[in-house]
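Peer 1: Below is a structure I'd like to ask you about.
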Amino acid sequence: MRPALLQTGPLIPALEDRLAERFEVTHLKAQGDPIDYLRREGQRFVAIASSAAIGFEAALLPHLPALQVVSHFGVGLDRLPVGELKARGVAVSSTSGVLDQCVADAAWALLLATARRVTQADQYVRSGEWARNGLNRFALGRRVSGARLGVVGMGHIGQAIARRADGFDMHVAYHTRNAVAGCRWPHVPVLTDLARQSDFLVVITAGGPATRHLINADVLAALGTRGFLVNVSRGSVVDEASLLAALHSGGIAGAGLDVFEQEPAINEAWRTAPNTVLMPHAASATEETRQAMADLVVDNLDSFFATGGLLTPL
Ligand code: 8YV
């Protein structure tokens with residue numbers, strides 16, 4: 001009999017197919033109240049396939065006494081009860097390493113699109129305004145090459161974002177709680193100082209309680225009227241009310257956002273927010289990276305059940 005695996009949210013079809021070849025898969029979301037369901041059936045499950053967007057609550061764990069392994073689709077751990085899983089001796093893997101480059105690319109897509117007003121330019125052409133009024137009515141963008149880039153968070157993705165700035169002859173600095181050993185860019189211990197000295201502030205720090213509203217009104221004021229914010233980390237890291245206020249008042253120049261405090265039903269106010277480019281939490285959503293993530297979720301499970309070890313453990 002195939003081992004029982006609990007899937008906590010939707011995954012890409014290619015991954016669901018491969019899981020179904022190996023496991024007897026149950027979709028938790030289709031079972032009504034999750035605790036009621038797990039009270040009855042939870043003792044069967046030896047594995048979980050979770051995803052960074054959905055995750056699951058620590059309250060499920062007492063009802064999963066046979067759980068041995070969690071293979072997580074994504075790198076964000078803010079919706080995963082990692083401490084409780086470890087305390088129960090459950091092995092946990094993420095898709096660390098395979099999505100860094102595409103998330104870094106997406107940060108740059110947002111940065112460039114925001115500074116050079118790509119979505120507004122597209123609309124200017126499509127609407128016929130260009131033909132009617134020429135280019136003079138199209139508000140000028142801002143120069144990226146040679147500008148100052150501040151990176152908040154300097155893990156693998158932060159470093160991939162910073163490396164790309166070499167091609168734009170930019171001046172890079174970063175903020176983390178502690179300086180990252182061996183990092184070639186200057187560390188700025190106080191976030192408002194980094195914001196003050198940045199034209200573009202890109203946020204790629206972990207989510208969770210420790211970073212909640214790290215980007216607040218003070219940081220946005222320090223970034224200033226000519227500064228742009230890009231967030232490819234977690235919506236919780238940015239105080240959206242302060243960001244919306246700063247965008248409407250011209251307190252900052254613009255923002256490129258892949259993530260929001262509420263997803264996918266984002267605050268309605270974003271629909272009319274000026275100088276913003278929005279993405280649907282899709283920074284890692286390329287064919288290549290999603291395939292690599294899917295493969296790694298399965299390969300981690302295969303490895304665990306063959307050897308007891310994971311390929312990319314937490
Ligand atoms: C996930 C992400 O792909 O890895 C993460 O933490 O946020 C994304 O890369 C997305 O959440 C799908 O679950």
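Residues are named by chain letter and number: chains run A, B, ... in the order of the structure tokens, numbers start at 1 in each chain, and ligands are numbered from 1 in the order shown.
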Ligand 1: which residues are within 6 Å, counting only C-alpha atoms and all ligand atoms, as a PyMOL selection string?

Peer 2: chain A and resi 51-53+73-76+284

Peer 1: If you count only C-alpha atoms, which residues fall within 9 Å of range 109-119 of chain A, apart from same-chain ones fewer than 4 positions away, as a PyMOL selection string?

Peer 2: chain A and resi 104-105+123-124+139-144+200+202+228-231+253-258+275-279

Peer 1: Suppose we keep N, CA and C atoms; can you now write the selection as a PDB file, in the first residue's frame?

Peer 2:
ATOM      1  N   ALA A 104      15.023  36.958  -7.904  1.00  0.00           N
ATOM      2  CA  ALA A 104      15.880  38.135  -8.122  1.00  0.00           C
ATOM      3  C   ALA A 104      15.506  38.825  -9.437  1.00  0.00           C
ATOM      4  N   ASP A 105      15.266  38.044 -10.473  1.00  0.00           N
ATOM      5  CA  ASP A 105      14.846  38.631 -11.761  1.00  0.00           C
ATOM      6  C   ASP A 105      13.544  39.425 -11.581  1.00  0.00           C
ATOM      7  N   GLN A 123       0.120  51.594 -21.452  1.00  0.00           N
ATOM      8  CA  GLN A 123      -1.225  52.151 -21.524  1.00  0.00           C
ATOM      9  C   GLN A 123      -1.261  53.399 -22.409  1.00  0.00           C
ATOM     10  N   TYR A 124      -0.198  54.181 -22.351  1.00  0.00           N
ATOM     11  CA  TYR A 124      -0.097  55.416 -23.136  1.00  0.00           C
ATOM     12  C   TYR A 124      -0.131  55.101 -24.635  1.00  0.00           C
ATOM     13  N   ALA A 139       4.740  61.396 -18.447  1.00  0.00           N
ATOM     14  CA  ALA A 139       5.648  61.804 -17.367  1.00  0.00           C
ATOM     15  C   ALA A 139       6.967  61.041 -17.475  1.00  0.00           C
ATOM     16  N   LEU A 140       8.038  61.729 -17.234  1.00  0.00           N
ATOM     17  CA  LEU A 140       9.350  61.112 -17.365  1.00  0.00           C
ATOM     18  C   LEU A 140       9.577  60.061 -16.286  1.00  0.00           C
ATOM     19  N   GLY A 141      10.336  59.055 -16.652  1.00  0.00           N
ATOM     20  CA  GLY A 141      10.730  58.036 -15.678  1.00  0.00           C
ATOM     21  C   GLY A 141      11.972  58.480 -14.921  1.00  0.00           C
ATOM     22  N   ARG A 142      12.561  57.508 -14.223  1.00  0.00           N
ATOM     23  CA  ARG A 142      13.773  57.820 -13.439  1.00  0.00           C
ATOM     24  C   ARG A 142      14.900  56.888 -13.844  1.00  0.00           C
ATOM     25  N   ARG A 143      16.111  57.432 -13.796  1.00  0.00           N
ATOM     26  CA  ARG A 143      17.290  56.676 -14.206  1.00  0.00           C
ATOM     27  C   ARG A 143      17.622  55.589 -13.173  1.00  0.00           C
ATOM     28  N   VAL A 144      17.860  54.400 -13.681  1.00  0.00           N
ATOM     29  CA  VAL A 144      18.250  53.287 -12.812  1.00  0.00           C
ATOM     30  C   VAL A 144      19.773  53.145 -12.790  1.00  0.00           C
ATOM     31  N   PHE A 200      16.513  53.162  -4.560  1.00  0.00           N
ATOM     32  CA  PHE A 200      15.635  51.988  -4.664  1.00  0.00           C
ATOM     33  C   PHE A 200      15.883  51.109  -3.446  1.00  0.00           C
ATOM     34  N   VAL A 202      14.956  47.550  -1.957  1.00  0.00           N
ATOM     35  CA  VAL A 202      14.362  46.262  -2.321  1.00  0.00           C
ATOM     36  C   VAL A 202      14.314  45.377  -1.079  1.00  0.00           C
ATOM     37  N   PHE A 228      12.065  54.701  -4.379  1.00  0.00           N
ATOM     38  CA  PHE A 228      11.141  53.639  -4.791  1.00  0.00           C
ATOM     39  C   PHE A 228      11.305  52.429  -3.862  1.00  0.00           C
ATOM     40  N   LEU A 229      10.184  51.770  -3.581  1.00  0.00           N
ATOM     41  CA  LEU A 229      10.205  50.553  -2.763  1.00  0.00           C
ATOM     42  C   LEU A 229       9.829  49.356  -3.633  1.00  0.00           C
ATOM     43  N   VAL A 230      10.568  48.264  -3.486  1.00  0.00           N
ATOM     44  CA  VAL A 230      10.198  47.003  -4.144  1.00  0.00           C
ATOM     45  C   VAL A 230      10.106  45.938  -3.058  1.00  0.00           C
ATOM     46  N   ASN A 231       9.020  45.159  -3.057  1.00  0.00           N
ATOM     47  CA  ASN A 231       8.886  44.090  -2.061  1.00  0.00           C
ATOM     48  C   ASN A 231       8.638  42.751  -2.743  1.00  0.00           C
ATOM     49  N   ALA A 253       8.317  57.867  -4.314  1.00  0.00           N
ATOM     50  CA  ALA A 253       8.075  58.061  -5.748  1.00  0.00           C
ATOM     51  C   ALA A 253       7.247  56.921  -6.355  1.00  0.00           C
ATOM     52  N   GLY A 254       7.379  55.714  -5.805  1.00  0.00           N
ATOM     53  CA  GLY A 254       6.634  54.598  -6.391  1.00  0.00           C
ATOM     54  C   GLY A 254       6.966  53.300  -5.689  1.00  0.00           C
ATOM     55  N   ALA A 255       6.227  52.249  -6.058  1.00  0.00           N
ATOM     56  CA  ALA A 255       6.455  50.948  -5.426  1.00  0.00           C
ATOM     57  C   ALA A 255       6.147  49.822  -6.405  1.00  0.00           C
ATOM     58  N   GLY A 256       6.960  48.782  -6.343  1.00  0.00           N
ATOM     59  CA  GLY A 256       6.717  47.554  -7.098  1.00  0.00           C
ATOM     60  C   GLY A 256       6.506  46.434  -6.099  1.00  0.00           C
ATOM     61  N   LEU A 257       5.343  45.804  -6.130  1.00  0.00           N
ATOM     62  CA  LEU A 257       4.980  44.849  -5.068  1.00  0.00           C
ATOM     63  C   LEU A 257       4.580  43.503  -5.651  1.00  0.00           C
ATOM     64  N   ASP A 258       5.210  42.452  -5.152  1.00  0.00           N
ATOM     65  CA  ASP A 258       4.788  41.095  -5.528  1.00  0.00           C
ATOM     66  C   ASP A 258       3.937  40.475  -4.433  1.00  0.00           C
ATOM     67  N   ASN A 275       1.478  55.234  -9.132  1.00  0.00           N
ATOM     68  CA  ASN A 275       2.909  54.893  -9.299  1.00  0.00           C
ATOM     69  C   ASN A 275       3.273  53.522  -8.730  1.00  0.00           C
ATOM     70  N   THR A 276       2.430  52.557  -8.992  1.00  0.00           N
ATOM     71  CA  THR A 276       2.705  51.218  -8.466  1.00  0.00           C
ATOM     72  C   THR A 276       2.623  50.187  -9.582  1.00  0.00           C
ATOM     73  N   VAL A 277       3.439  49.175  -9.463  1.00  0.00           N
ATOM     74  CA  VAL A 277       3.347  48.005 -10.334  1.00  0.00           C
ATOM     75  C   VAL A 277       3.121  46.806  -9.419  1.00  0.00           C
ATOM     76  N   LEU A 278       2.072  46.040  -9.697  1.00  0.00           N
ATOM     77  CA  LEU A 278       1.677  44.944  -8.801  1.00  0.00           C
ATOM     78  C   LEU A 278       1.795  43.599  -9.502  1.00  0.00           C
ATOM     79  N   MET A 279       2.267  42.611  -8.769  1.00  0.00           N
ATOM     80  CA  MET A 279       2.306  41.228  -9.269  1.00  0.00           C
ATOM     81  C   MET A 279       1.590  40.325  -8.273  1.00  0.00           C
TER      82      MET A 279
END

Peer 1: Which of these residues is nearest to His248 in chain A, using only C-alpha atoms: A:Ala147, A:Ser127, A:Phe260, A:Trp270?

Peer 2: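 So, comparing all the options, the nearest one is A:Trp270.
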
Peer 1: Taking 6 positions as the minimum chain separation for residues in the same chain, which residues sit within 12 Å of range 297-307 of chain A when counting only C-alpha atoms? Answer as an mmCIF file with N, CA, C and O atoms, in the first residue's frame.

Peer 2:
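Output saved as out36.cif:
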data_model
loop_
_atom_site.group_PDB
_atom_site.id
_atom_site.type_symbol
_atom_site.label_atom_id
_atom_site.label_comp_id
_atom_site.auth_asym_id
_atom_site.auth_seq_id
_atom_site.Cartn_x
_atom_site.Cartn_y
_atom_site.Cartn_z
ATOM 1 N N ARG A 2 0.446 2.261 -0.765
ATOM 2 C CA ARG A 2 1.235 3.491 -0.799
ATOM 3 C C ARG A 2 1.055 4.268 0.507
ATOM 4 O O ARG A 2 -0.049 4.274 1.074
ATOM 5 N N PRO A 3 2.123 4.932 0.960
ATOM 6 C CA PRO A 3 1.987 5.721 2.185
ATOM 7 C C PRO A 3 1.023 6.890 1.995
ATOM 8 O O PRO A 3 0.862 7.394 0.881
ATOM 9 N N LEU A 5 -0.183 10.648 2.205
ATOM 10 C CA LEU A 5 0.378 12.009 2.203
ATOM 11 C C LEU A 5 -0.757 13.015 2.249
ATOM 12 O O LEU A 5 -1.754 12.874 1.543
ATOM 13 N N GLN A 7 -1.907 16.771 1.502
ATOM 14 C CA GLN A 7 -1.551 17.966 0.736
ATOM 15 C C GLN A 7 -2.354 19.124 1.306
ATOM 16 O O GLN A 7 -3.581 19.070 1.359
ATOM 17 N N LEU A 11 -1.163 22.578 -5.509
ATOM 18 C CA LEU A 11 0.213 22.586 -6.021
ATOM 19 C C LEU A 11 0.121 22.497 -7.538
ATOM 20 O O LEU A 11 -0.947 22.225 -8.070
ATOM 21 N N ILE A 12 1.235 22.704 -8.230
ATOM 22 C CA ILE A 12 1.118 22.668 -9.692
ATOM 23 C C ILE A 12 0.797 21.240 -10.146
ATOM 24 O O ILE A 12 1.214 20.273 -9.511
ATOM 25 N N ALA A 14 1.842 19.211 -12.416
ATOM 26 C CA ALA A 14 2.957 18.274 -12.640
ATOM 27 C C ALA A 14 3.409 17.661 -11.320
ATOM 28 O O ALA A 14 3.803 16.497 -11.265
ATOM 29 N N LEU A 15 3.339 18.451 -10.258
ATOM 30 C CA LEU A 15 3.750 17.951 -8.941
ATOM 31 C C LEU A 15 2.669 17.038 -8.369
ATOM 32 O O LEU A 15 2.972 15.965 -7.827
ATOM 33 N N GLU A 16 1.421 17.439 -8.522
ATOM 34 C CA GLU A 16 0.331 16.603 -7.996
ATOM 35 C C GLU A 16 0.364 15.222 -8.648
ATOM 36 O O GLU A 16 0.161 14.208 -7.979
ATOM 37 N N ASP A 17 0.648 15.175 -9.960
ATOM 38 C CA ASP A 17 0.708 13.883 -10.655
ATOM 39 C C ASP A 17 1.814 13.010 -10.076
ATOM 40 O O ASP A 17 1.613 11.816 -9.831
ATOM 41 N N ARG A 18 2.967 13.602 -9.862
ATOM 42 C CA ARG A 18 4.103 12.803 -9.347
ATOM 43 C C ARG A 18 3.845 12.346 -7.918
ATOM 44 O O ARG A 18 4.246 11.258 -7.524
ATOM 45 N N LEU A 19 3.190 13.177 -7.132
ATOM 46 C CA LEU A 19 2.859 12.760 -5.759
ATOM 47 C C LEU A 19 1.884 11.589 -5.783
ATOM 48 O O LEU A 19 2.029 10.627 -5.030
ATOM 49 N N ALA A 20 0.911 11.692 -6.702
ATOM 50 C CA ALA A 20 -0.124 10.641 -6.773
ATOM 51 C C ALA A 20 0.451 9.297 -7.208
ATOM 52 O O ALA A 20 -0.102 8.235 -6.901
ATOM 53 N N GLU A 21 1.579 9.340 -7.955
ATOM 54 C CA GLU A 21 2.220 8.066 -8.348
ATOM 55 C C GLU A 21 2.826 7.347 -7.143
ATOM 56 O O GLU A 21 2.986 6.142 -7.144
ATOM 57 N N ARG A 22 3.195 8.123 -6.129
ATOM 58 C CA ARG A 22 3.948 7.550 -5.002
ATOM 59 C C ARG A 22 3.127 7.372 -3.737
ATOM 60 O O ARG A 22 3.437 6.539 -2.900
ATOM 61 N N PHE A 23 2.132 8.266 -3.578
ATOM 62 C CA PHE A 23 1.417 8.322 -2.306
ATOM 63 C C PHE A 23 -0.081 8.202 -2.528
ATOM 64 O O PHE A 23 -0.594 8.493 -3.602
ATOM 65 N N VAL A 46 1.850 9.981 6.973
ATOM 66 C CA VAL A 46 3.275 9.966 7.315
ATOM 67 C C VAL A 46 4.004 11.157 6.681
ATOM 68 O O VAL A 46 5.126 11.469 7.054
ATOM 69 N N ALA A 47 3.363 11.802 5.697
ATOM 70 C CA ALA A 47 4.043 12.888 4.985
ATOM 71 C C ALA A 47 3.060 14.024 4.696
ATOM 72 O O ALA A 47 1.854 13.798 4.568
ATOM 73 N N ILE A 48 3.616 15.234 4.597
ATOM 74 C CA ILE A 48 2.832 16.400 4.173
ATOM 75 C C ILE A 48 3.553 17.057 3.008
ATOM 76 O O ILE A 48 4.784 17.204 3.025
ATOM 77 N N ALA A 49 2.797 17.458 1.978
ATOM 78 C CA ALA A 49 3.317 18.365 0.947
ATOM 79 C C ALA A 49 2.614 19.696 1.176
ATOM 80 O O ALA A 49 1.390 19.790 1.053
ATOM 81 N N SER A 50 3.394 20.699 1.555
ATOM 82 C CA SER A 50 2.809 22.014 1.865
ATOM 83 C C SER A 50 3.323 23.031 0.860
ATOM 84 O O SER A 50 4.207 22.740 0.067
ATOM 85 N N SER A 51 2.753 24.221 0.902
ATOM 86 C CA SER A 51 3.257 25.257 0.007
ATOM 87 C C SER A 51 3.376 26.564 0.766
ATOM 88 O O SER A 51 2.625 26.831 1.703
ATOM 89 N N GLN A 68 6.130 11.982 9.601
ATOM 90 C CA GLN A 68 7.599 11.856 9.615
ATOM 91 C C GLN A 68 8.285 12.975 8.848
ATOM 92 O O GLN A 68 9.411 13.337 9.138
ATOM 93 N N VAL A 69 7.607 13.474 7.804
ATOM 94 C CA VAL A 69 8.313 14.392 6.910
ATOM 95 C C VAL A 69 7.349 15.421 6.309
ATOM 96 O O VAL A 69 6.198 15.102 5.999
ATOM 97 N N VAL A 70 7.846 16.659 6.164
ATOM 98 C CA VAL A 70 7.114 17.712 5.455
ATOM 99 C C VAL A 70 8.004 18.193 4.323
ATOM 100 O O VAL A 70 9.142 18.621 4.548
ATOM 101 N N SER A 71 7.494 18.110 3.104
ATOM 102 C CA SER A 71 8.224 18.630 1.953
ATOM 103 C C SER A 71 7.475 19.876 1.486
ATOM 104 O O SER A 71 6.328 19.818 1.057
ATOM 105 N N HIS A 72 8.173 21.008 1.583
ATOM 106 C CA HIS A 72 7.527 22.321 1.444
ATOM 107 C C HIS A 72 7.867 22.908 0.077
ATOM 108 O O HIS A 72 9.050 23.011 -0.283
ATOM 109 N N PHE A 73 6.832 23.324 -0.655
ATOM 110 C CA PHE A 73 6.991 23.932 -1.989
ATOM 111 C C PHE A 73 7.194 25.429 -1.796
ATOM 112 O O PHE A 73 6.233 26.177 -1.595
ATOM 113 N N GLY A 74 8.445 25.874 -1.805
ATOM 114 C CA GLY A 74 8.744 27.281 -1.552
ATOM 115 C C GLY A 74 9.836 27.396 -0.503
ATOM 116 O O GLY A 74 10.294 26.382 0.049
ATOM 117 N N VAL A 75 10.243 28.636 -0.240
ATOM 118 C CA VAL A 75 11.279 28.862 0.783
ATOM 119 C C VAL A 75 10.763 29.656 1.978
ATOM 120 O O VAL A 75 11.387 29.662 3.031
ATOM 121 N N VAL A 90 9.985 15.765 13.299
ATOM 122 C CA VAL A 90 9.559 15.648 11.900
ATOM 123 C C VAL A 90 10.622 16.300 11.009
ATOM 124 O O VAL A 90 11.079 17.412 11.287
ATOM 125 N N ALA A 91 11.030 15.606 9.953
ATOM 126 C CA ALA A 91 12.011 16.158 9.009
ATOM 127 C C ALA A 91 11.302 17.149 8.084
ATOM 128 O O ALA A 91 10.189 16.880 7.620
ATOM 129 N N VAL A 92 11.929 18.292 7.827
ATOM 130 C CA VAL A 92 11.300 19.327 6.998
ATOM 131 C C VAL A 92 12.278 19.782 5.913
ATOM 132 O O VAL A 92 13.449 20.051 6.196
ATOM 133 N N SER A 93 11.782 19.852 4.676
ATOM 134 C CA SER A 93 12.616 20.390 3.588
ATOM 135 C C SER A 93 11.895 21.550 2.934
ATOM 136 O O SER A 93 10.666 21.652 2.992
ATOM 137 N N SER A 94 12.675 22.443 2.304
ATOM 138 C CA SER A 94 12.099 23.513 1.485
ATOM 139 C C SER A 94 12.682 23.372 0.079
ATOM 140 O O SER A 94 13.490 22.477 -0.166
ATOM 141 N N THR A 95 12.288 24.259 -0.819
ATOM 142 C CA THR A 95 12.872 24.216 -2.169
ATOM 143 C C THR A 95 13.989 25.256 -2.273
ATOM 144 O O THR A 95 14.109 25.972 -3.266
ATOM 145 N N SER A 96 14.771 25.301 -1.245
ATOM 146 C CA SER A 96 15.875 26.244 -1.182
ATOM 147 C C SER A 96 16.857 26.024 -2.334
ATOM 148 O O SER A 96 17.159 24.895 -2.692
ATOM 149 N N VAL A 98 16.608 26.654 -5.628
ATOM 150 C CA VAL A 98 16.174 26.585 -7.031
ATOM 151 C C VAL A 98 15.365 27.799 -7.489
ATOM 152 O O VAL A 98 15.124 27.949 -8.683
ATOM 153 N N ARG A 290 9.288 26.746 -11.425
ATOM 154 C CA ARG A 290 8.210 25.957 -10.813
ATOM 155 C C ARG A 290 8.437 24.465 -11.042
ATOM 156 O O ARG A 290 8.151 23.642 -10.172
ATOM 157 N N GLN A 291 8.997 24.107 -12.216
ATOM 158 C CA GLN A 291 9.319 22.695 -12.455
ATOM 159 C C GLN A 291 10.418 22.231 -11.498
ATOM 160 O O GLN A 291 10.332 21.152 -10.903
ATOM 161 N N PRO A 313 17.297 19.937 3.563
ATOM 162 C CA PRO A 313 16.616 20.037 4.866
ATOM 163 C C PRO A 313 16.663 21.463 5.393
ATOM 164 O O PRO A 313 17.531 22.237 5.009
ATOM 165 N N LEU A 314 15.753 21.774 6.284
ATOM 166 C CA LEU A 314 15.832 23.086 6.943
ATOM 167 C C LEU A 314 16.888 23.013 8.021
ATOM 168 O O LEU A 314 16.972 22.014 8.741
#

Peer 1: Pick out the residues sitting within 9 Å of Val238 in chain A, and hand them over as number ranges by chain; count only C-alpha atoms, and ignore anything fewer than 4 positions along from it in its own chain.

Peer 2: A: 203, 211-216, 231, 234, 242-243, 260-261

Peer 1: Any idea what's packed within 10 Å of Ala269 in chain A, counting only C-alpha atoms, ignoring anything in its chain fewer than 5 positions away? Could you give it as a PyMOL selection string?

Peer 2: chain A and resi 240-241+244

Peer 1: Could you please determine the separation between CA of Ala294 in chain A and CA of Leu311 in chain A in Å, to one decimal place?

Peer 2: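 These two atoms are separated by 13.5 Å.
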
Peer 1: Would you return as JSON, numbers by chain the members of range 111-174 of chain A that DSSP assigns to alpha helix (DSSP H) on this structure's backbone?

Peer 2: {"A": [111, 112, 113, 114, 115, 118, 119, 120, 121, 122, 123, 124, 125, 126, 129, 130, 131, 132, 133, 156, 157, 158, 159, 160, 161, 162, 163, 164]}
